[in-house]
$ cat protein.cif   # mmCIF, C-alpha atoms and all ligand atoms
data_final
loop_
_atom_site.label_atom_id
_atom_site.label_comp_id
_atom_site.auth_asym_id
_atom_site.auth_seq_id
_atom_site.Cartn_x
_atom_site.Cartn_y
_atom_site.Cartn_z
CA MET G 959 190.95 167.89 117.24
CA LEU G 960 191.41 167.02 120.90
CA VAL G 961 191.26 163.40 122.02
CA PHE G 962 190.39 162.58 125.62
CA ASN G 963 190.43 159.13 127.20
CA THR G 964 189.44 160.09 130.72
CA ILE G 965 186.31 161.73 132.12
CA GLU G 966 188.43 164.07 134.24
CA SER G 967 190.46 165.46 131.32
CA LEU G 968 187.36 165.91 129.15
CA GLN G 969 185.42 167.65 131.91
CA LYS G 970 188.39 169.90 132.76
CA HIS G 971 188.55 171.04 129.15
CA ILE G 972 184.77 171.61 128.92
CA SER G 973 184.73 173.54 132.21
CA GLU G 974 187.31 175.96 130.79
CA LEU G 975 185.17 176.83 127.74
CA PRO G 976 183.38 180.19 127.77
CA LYS G 977 180.04 179.99 129.63
CA ARG G 978 177.05 178.93 127.54
CA THR G 979 179.23 177.39 124.79
CA SER G 980 176.78 175.16 122.93
CA ILE G 981 177.94 171.55 122.86
CA GLY G 982 176.69 169.12 120.23
CA PHE G 983 177.13 165.46 121.14
CA VAL G 984 177.20 162.37 118.91
CA PRO G 985 177.58 159.08 120.78
CA THR G 986 178.93 156.25 118.60
CA MET G 987 180.48 152.81 118.89
CA GLY G 988 183.13 153.67 116.31
CA ALA G 989 183.83 151.93 112.98
CA LEU G 990 182.64 155.25 111.63
CA HIS G 991 180.98 155.66 108.23
CA LYS G 992 179.17 158.40 106.32
CA GLY G 993 176.02 157.84 108.39
CA HIS G 994 177.91 158.85 111.54
CA LEU G 995 179.53 161.75 109.68
CA SER G 996 176.12 163.11 108.64
CA LEU G 997 175.17 163.33 112.34
CA ILE G 998 178.47 165.01 113.18
CA LYS G 999 178.08 167.58 110.39
CA LYS G 1000 174.60 168.44 111.61
CA ALA G 1001 175.92 168.83 115.18
CA GLU G 1002 178.70 171.10 113.95
CA LYS G 1003 176.22 173.35 112.13
CA GLN G 1004 174.07 173.75 115.20
CA ASN G 1005 176.67 174.08 117.98
CA LYS G 1006 179.90 175.84 118.87
CA ILE G 1007 181.76 172.61 119.60
CA THR G 1008 181.04 168.96 118.84
CA VAL G 1009 181.96 166.01 121.01
CA VAL G 1010 181.96 162.53 119.43
CA SER G 1011 182.29 159.58 121.76
CA ILE G 1012 183.58 156.22 120.63
CA PHE G 1013 182.69 153.48 123.08
CA VAL G 1014 181.65 149.92 122.35
CA ASN G 1015 179.23 149.54 125.22
CA PRO G 1016 179.32 145.96 126.54
CA THR G 1017 176.02 146.18 128.44
CA GLN G 1018 173.91 146.71 125.30
CA PHE G 1019 175.09 143.51 123.57
CA ASP G 1020 172.79 140.57 124.11
CA ASN G 1021 175.11 138.40 122.01
CA ALA G 1022 178.69 137.88 123.27
CA GLU G 1023 179.96 136.91 119.83
CA ASP G 1024 178.60 140.14 118.32
CA LEU G 1025 180.45 142.15 120.98
CA VAL G 1026 183.77 140.35 120.36
CA ASN G 1027 183.42 140.73 116.58
CA TYR G 1028 182.19 144.32 116.59
CA PRO G 1029 184.50 146.14 114.12
CA LYS G 1030 187.18 148.35 115.69
CA THR G 1031 188.93 150.83 113.37
CA ILE G 1032 190.14 153.52 115.73
CA GLU G 1033 192.96 154.97 113.59
CA LYS G 1034 190.64 155.32 110.60
CA ASP G 1035 187.92 156.77 112.85
CA LEU G 1036 190.27 159.49 114.11
CA LYS G 1037 191.18 160.43 110.54
CA LEU G 1038 187.51 160.62 109.56
CA LEU G 1039 186.72 162.79 112.57
CA GLN G 1040 189.57 165.10 111.65
CA SER G 1041 188.34 165.28 108.04
CA VAL G 1042 185.03 166.77 109.24
CA ASN G 1043 186.75 169.14 111.71
CA CYS G 1044 185.31 167.50 114.80
CA SER G 1045 186.39 169.44 117.93
CA ILE G 1046 186.62 166.65 120.49
CA ALA G 1047 186.81 162.85 120.43
CA PHE G 1048 186.05 161.13 123.73
CA ILE G 1049 187.33 157.56 123.74
CA PRO G 1050 187.09 156.08 127.23
CA SER G 1051 187.94 152.53 128.28
CA VAL G 1052 185.29 150.20 129.73
CA LYS G 1053 186.94 150.64 133.15
CA GLU G 1054 186.76 154.42 132.85
CA ILE G 1055 183.01 154.26 132.28
CA TYR G 1056 181.94 151.35 134.47
CA ASN G 1057 184.81 150.88 136.92
CA GLU G 1058 184.37 147.26 138.08
CA ASN G 1059 180.56 147.33 137.81
CA ILE G 1060 179.67 146.40 134.25
CA TYR G 1061 175.89 146.27 134.57
CA SER G 1062 172.81 148.12 133.35
CA GLU G 1063 170.32 150.18 135.25
CA SER G 1064 166.73 149.03 134.80
CA PHE G 1065 164.37 151.49 133.12
CA ASP G 1066 160.64 151.73 132.55
CA PHE G 1067 159.92 153.51 129.29
CA GLY G 1068 156.20 152.82 129.40
CA GLY G 1069 156.32 149.76 127.16
CA ILE G 1070 158.15 150.97 124.04
CA GLU G 1071 161.22 149.12 125.30
CA ASN G 1072 159.41 145.79 124.99
CA GLU G 1073 158.52 146.04 121.28
CA MET G 1074 160.66 144.98 118.27
CA GLU G 1075 164.34 145.20 119.23
CA GLY G 1076 163.34 144.89 122.88
CA LYS G 1077 161.66 141.56 122.13
CA PHE G 1078 164.57 140.10 120.18
CA ARG G 1079 167.51 141.66 122.08
CA LYS G 1080 166.84 141.13 125.78
CA GLY G 1081 168.35 143.87 127.97
CA HIS G 1082 169.55 145.86 124.96
CA PHE G 1083 167.70 149.09 125.76
CA ASN G 1084 168.59 149.02 129.45
CA GLY G 1085 172.22 148.90 128.26
CA VAL G 1086 171.70 151.70 125.73
CA ALA G 1087 169.90 153.95 128.21
CA THR G 1088 172.51 153.28 130.91
CA ILE G 1089 175.42 154.34 128.70
CA VAL G 1090 173.65 157.31 127.09
CA LYS G 1091 172.56 158.63 130.49
CA ARG G 1092 176.13 158.22 131.79
CA LEU G 1093 177.58 160.00 128.71
CA PHE G 1094 175.03 162.83 129.05
CA GLU G 1095 176.10 163.28 132.69
CA ILE G 1096 179.75 163.43 131.62
CA VAL G 1097 179.49 165.63 128.50
CA LYS G 1098 176.44 167.74 129.52
CA PRO G 1099 175.59 168.50 125.88
CA THR G 1100 173.19 171.18 124.67
CA LYS G 1101 171.96 168.97 121.84
CA ALA G 1102 172.53 165.26 121.11
CA TYR G 1103 172.17 163.59 117.74
CA PHE G 1104 170.79 160.10 117.03
CA GLY G 1105 170.10 158.37 113.72
CA LYS G 1106 166.64 157.21 112.67
CA LYS G 1107 168.44 154.06 111.49
CA ASP G 1108 167.96 152.98 115.12
CA PHE G 1109 164.46 154.45 115.31
CA GLN G 1110 163.37 152.66 118.46
CA GLN G 1111 166.60 153.73 120.17
CA LEU G 1112 165.85 157.36 119.24
CA GLN G 1113 162.38 157.08 120.81
CA ILE G 1114 163.85 155.45 123.93
CA ILE G 1115 166.40 158.26 124.32
CA LYS G 1116 163.65 160.90 123.98
CA LYS G 1117 161.73 159.08 126.74
CA LEU G 1118 164.89 158.76 128.88
CA VAL G 1119 165.49 162.50 128.73
CA GLU G 1120 161.84 163.18 129.60
CA ILE G 1121 161.69 160.73 132.52
CA LYS G 1122 165.06 161.65 134.03
CA LYS G 1123 164.61 165.37 133.25
CA ILE G 1124 167.98 165.62 131.51
CA PRO G 1125 168.49 169.12 130.05
CA VAL G 1126 169.45 168.17 126.48
CA LYS G 1127 167.63 168.53 123.16
CA ILE G 1128 167.43 165.27 121.20
CA LYS G 1129 167.75 165.53 117.43
CA GLY G 1130 166.72 162.68 115.13
CA CYS G 1131 168.71 162.45 111.88
CA ALA G 1132 167.79 160.89 108.53
CA ILE G 1133 169.05 157.43 107.57
CA PHE G 1134 172.16 157.62 105.40
CA ARG G 1135 172.21 154.94 102.69
CA GLU G 1136 174.68 153.40 100.25
CA PRO G 1137 173.96 154.24 96.59
CA ASP G 1138 172.20 150.85 96.27
CA GLY G 1139 169.88 151.69 99.17
CA LEU G 1140 171.46 149.61 101.96
CA ALA G 1141 171.38 151.58 105.22
CA MET G 1142 174.95 152.30 106.29
CA SER G 1143 176.03 150.35 109.35
CA SER G 1144 179.32 149.45 111.00
CA ARG G 1145 178.21 145.83 110.76
CA ASN G 1146 178.07 146.03 106.93
CA THR G 1147 181.86 145.62 106.86
CA ARG G 1148 181.40 142.11 108.27
CA LEU G 1149 179.22 140.96 105.34
CA THR G 1150 180.73 138.60 102.79
CA LYS G 1151 180.72 139.75 99.15
CA GLU G 1152 177.65 137.61 98.49
CA GLN G 1153 175.81 138.89 101.56
CA ARG G 1154 176.69 142.50 100.75
CA GLU G 1155 175.31 142.06 97.23
CA ALA G 1156 172.10 140.59 98.62
CA ALA G 1157 171.57 143.17 101.40
CA PRO G 1158 169.97 146.01 99.32
CA PHE G 1159 166.97 143.65 99.02
CA ILE G 1160 165.98 144.83 102.52
CA TYR G 1161 165.39 148.44 101.46
CA LYS G 1162 163.77 147.35 98.20
CA ILE G 1163 161.22 145.31 100.16
CA LEU G 1164 160.59 148.23 102.52
CA LYS G 1165 159.82 150.49 99.57
CA LYS G 1166 157.51 147.92 97.95
CA ALA G 1167 155.78 147.34 101.30
CA LYS G 1168 155.18 151.08 101.57
CA LYS G 1169 153.46 151.07 98.19
CA LYS G 1170 151.32 148.06 99.09
CA PHE G 1171 150.28 149.58 102.43
CA GLY G 1172 148.55 152.32 100.41
CA THR G 1173 145.83 149.84 99.41
CA LYS G 1174 146.30 146.74 101.58
CA ASN G 1175 146.21 146.26 105.35
CA ALA G 1176 149.34 145.52 107.39
CA ASP G 1177 148.59 141.79 107.85
CA THR G 1178 148.51 141.31 104.07
CA VAL G 1179 151.71 143.30 103.60
CA ILE G 1180 153.47 141.35 106.38
CA GLU G 1181 152.43 138.05 104.80
CA TRP G 1182 153.80 139.23 101.46
CA VAL G 1183 157.13 140.29 103.01
CA GLU G 1184 157.47 136.99 104.89
CA LYS G 1185 156.87 135.08 101.67
CA LYS G 1186 159.53 137.12 99.85
CA PHE G 1187 162.14 136.32 102.51
CA LYS G 1188 161.20 132.62 102.71
CA LYS G 1189 162.25 132.37 99.09
CA HIS G 1190 165.47 134.35 99.60
CA PRO G 1191 168.64 132.20 99.52
CA ILE G 1192 170.82 134.47 101.69
CA LEU G 1193 168.70 136.68 103.94
CA ASP G 1194 166.60 135.44 106.90
CA LEU G 1195 163.80 137.63 108.18
CA GLU G 1196 163.63 138.07 111.95
CA TYR G 1197 160.69 140.47 111.94
CA PHE G 1198 158.82 142.86 109.71
CA LEU G 1199 156.03 144.96 111.12
CA ILE G 1200 154.17 148.21 110.72
CA ALA G 1201 153.78 150.37 113.80
CA ASN G 1202 152.78 153.74 115.12
CA GLU G 1203 155.97 155.82 115.42
CA ASP G 1204 155.19 157.12 118.90
CA THR G 1205 153.79 154.05 120.65
CA LEU G 1206 155.65 151.48 118.49
CA GLN G 1207 152.48 149.38 118.72
CA SER G 1208 151.59 147.42 115.58
CA VAL G 1209 148.88 148.92 113.39
CA ASN G 1210 146.79 147.20 110.74
CA LYS G 1211 145.27 150.07 108.76
CA LYS G 1212 146.83 153.02 107.04
CA ASP G 1213 146.00 156.26 108.85
CA ASN G 1214 147.36 159.42 107.30
CA ASN G 1215 146.67 161.35 110.49
CA LYS G 1216 149.12 159.17 112.42
CA LYS G 1217 152.84 158.66 111.83
CA GLN G 1218 153.32 155.06 110.75
CA ARG G 1219 156.56 153.28 109.95
CA ALA G 1220 157.69 149.88 108.70
CA PHE G 1221 160.44 148.16 110.70
CA ILE G 1222 162.58 145.21 109.68
CA ALA G 1223 165.36 143.04 111.13
CA VAL G 1224 167.17 140.52 108.93
CA TYR G 1225 170.03 138.08 109.36
CA ALA G 1226 172.71 137.65 106.70
CA GLY G 1227 174.50 134.65 108.20
CA LYS G 1228 175.35 135.80 111.73
CA ILE G 1229 175.17 139.50 110.88
CA ARG G 1230 171.99 141.22 112.00
CA LEU G 1231 170.80 144.16 109.90
CA ILE G 1232 167.96 146.56 110.75
CA ASP G 1233 166.20 149.21 108.72
CA ASN G 1234 162.95 151.18 108.69
CA LEU G 1235 160.90 153.46 106.46
CA SER G 1236 158.30 156.13 107.12
CA LEU G 1237 154.96 155.20 105.54
CA ASN G 1238 153.46 158.69 105.53
P1 LIG G 1301 176.46 153.25 116.33
O1 LIG G 1301 177.90 153.59 116.22
O2 LIG G 1301 176.02 152.18 115.40
O3 LIG G 1301 176.02 153.05 117.76
O4 LIG G 1301 175.68 154.54 115.82
C1 LIG G 1301 175.89 155.80 116.39
C2 LIG G 1301 174.79 156.73 115.94
O5 LIG G 1301 174.84 156.83 114.51
C3 LIG G 1301 173.39 156.24 116.30
O6 LIG G 1301 172.58 157.35 116.68
C4 LIG G 1301 172.91 155.63 115.01
O7 LIG G 1301 171.51 155.62 114.86
C5 LIG G 1301 173.56 156.55 114.00
N1 LIG G 1301 173.66 155.89 112.69
C6 LIG G 1301 174.24 154.68 112.42
N2 LIG G 1301 174.10 154.38 111.10
C7 LIG G 1301 173.42 155.40 110.55
C8 LIG G 1301 172.95 155.69 109.23
N3 LIG G 1301 173.14 154.83 108.22
N4 LIG G 1301 172.28 156.84 109.03
C9 LIG G 1301 172.05 157.70 110.04
N5 LIG G 1301 172.48 157.50 111.30
C10 LIG G 1301 173.14 156.37 111.56
#
$ encode --input "protein.cif" --output "structure tokens" --more "lines below"
Ligand code: AMP
Amino acid sequence: MLVFNTIESLQKHISELPKRTSIGFVPTMGALHKGHLSLIKKAEKQNKITVVSIFVNPTQFDNAEDLVNYPKTIEKDLKLLQSVNCSIAFIPSVKEIYNENIYSESFDFGGIENEMEGKFRKGHFNGVATIVKRLFEIVKPTKAYFGKKDFQQLQIIKKLVEIKKIPVKIKGCAIFREPDGLAMSSRNTRLTKEQREAAPFIYKILKKAKKKFGTKNADTVIEWVEKKFKKHPILDLEYFLIANEDTLQSVNKKDNNKKQRAFIAVYAGKIRLIDNLSLN
């Protein structure tokens, strides 16, 4: 595996590859887990080479404490990347990416950026889109892989590529879960033992909500979920809602002709956890 820290060295290497070499790209913030690895394996199957970036992007953090405490496990990450035969790791510094100008571009994604995560994490998606656009310009991938764990992010990236006419195919990948159902996340390592034991409740509620939405409208299901979390001693609900997958607008009635999904954000102490589940 080759490791590059500068844009110049990465681009020099890529420019020397045979023409039309397909490049799969998986952008990450490191603290890698099996969820990341599932994206990388998919990229490897579908491309000649795979580039994984590790970059904790400061402009997408709306909470300074979360940025400072974001787990960093670079040695372990490199070993994991090697274990799945990743071709290239790109690990730039903040200065390499932003120079002295650490700020986000402002994007208009037609409103999907203002729902859910956009409501609760101001500026988050401008930061995400800024870094992903920059990384696409640097790596020039054929295909790029994003997890449905961050479903709204996946939709934003698809919109970004459409609006900015970036020649890359965006691939959405299934959510990888722990055996007890908790969606894998780098932030899970920051949970206390008690919080970690409580966290699978999130997926359990999603599954029960899915069942209920078969016969009850969204308002009733939301009320039920809110009640469940009010009684929970460890987890605090930030939001639970049911929305159309494409518009991310809330829906009230089940419609099997439309893709509908439940979305949830929960705090365990200061750790924010998100998850979602298709309702079709
Ligand atoms: P992150 O390092 O958290 O920015 O995540 C990098 C990529 O991995 C994003 O596209 C995430 O959606 C994806 N990802 C993170 N956790 C999971 C998971 N449990 N299952 C599938 N994809 C994931």
$ residues_near_ligand --input "protein.cif" --ligand "ligand LIG 1301 (chain G)" --cutoff "7 Å" --atoms "all atoms listed in the file" --output "list of chain:residue names"
G:Val984, G:Pro985, G:Thr986, G:Met987, G:Gly988, G:Ala989, G:Leu990, G:Gly993, G:His994, G:Ser996, G:Leu997, G:Tyr1103, G:Phe1104, G:Gly1105, G:Lys1106, G:Lys1107, G:Asp1108, G:Cys1131, G:Ala1132, G:Ile1133, G:Phe1134, G:Arg1135, G:Ala1141, G:Met1142, G:Ser1143, G:Ser1144
$ atom_distance --input "protein.cif" --atom1 "atom CA of G:Lys1117" --atom2 "atom CA of G:Thr1205"
11.2 Å
$ atom_distance --input "protein.cif" --atom1 "atom CA of G:Phe1048" --atom2 "atom CA of G:Phe1065"
25.5 Å
$ atom_distance --input "protein.cif" --atom1 "atom CA of G:Pro1050" --atom2 "atom CA of G:Ala1102"
18.3 Å
$ residues_around --input "protein.cif" --residues "stretch 1207-1212 of chain G" --least-positions-apart "6" --cutoff "7 Å" --atoms "all atoms listed in the file" --output "list in words"
Phe1171, Gly1172, Asn1175, Ala1176, Asp1177, Leu1199, Ile1200 and Ala1201 of chain G
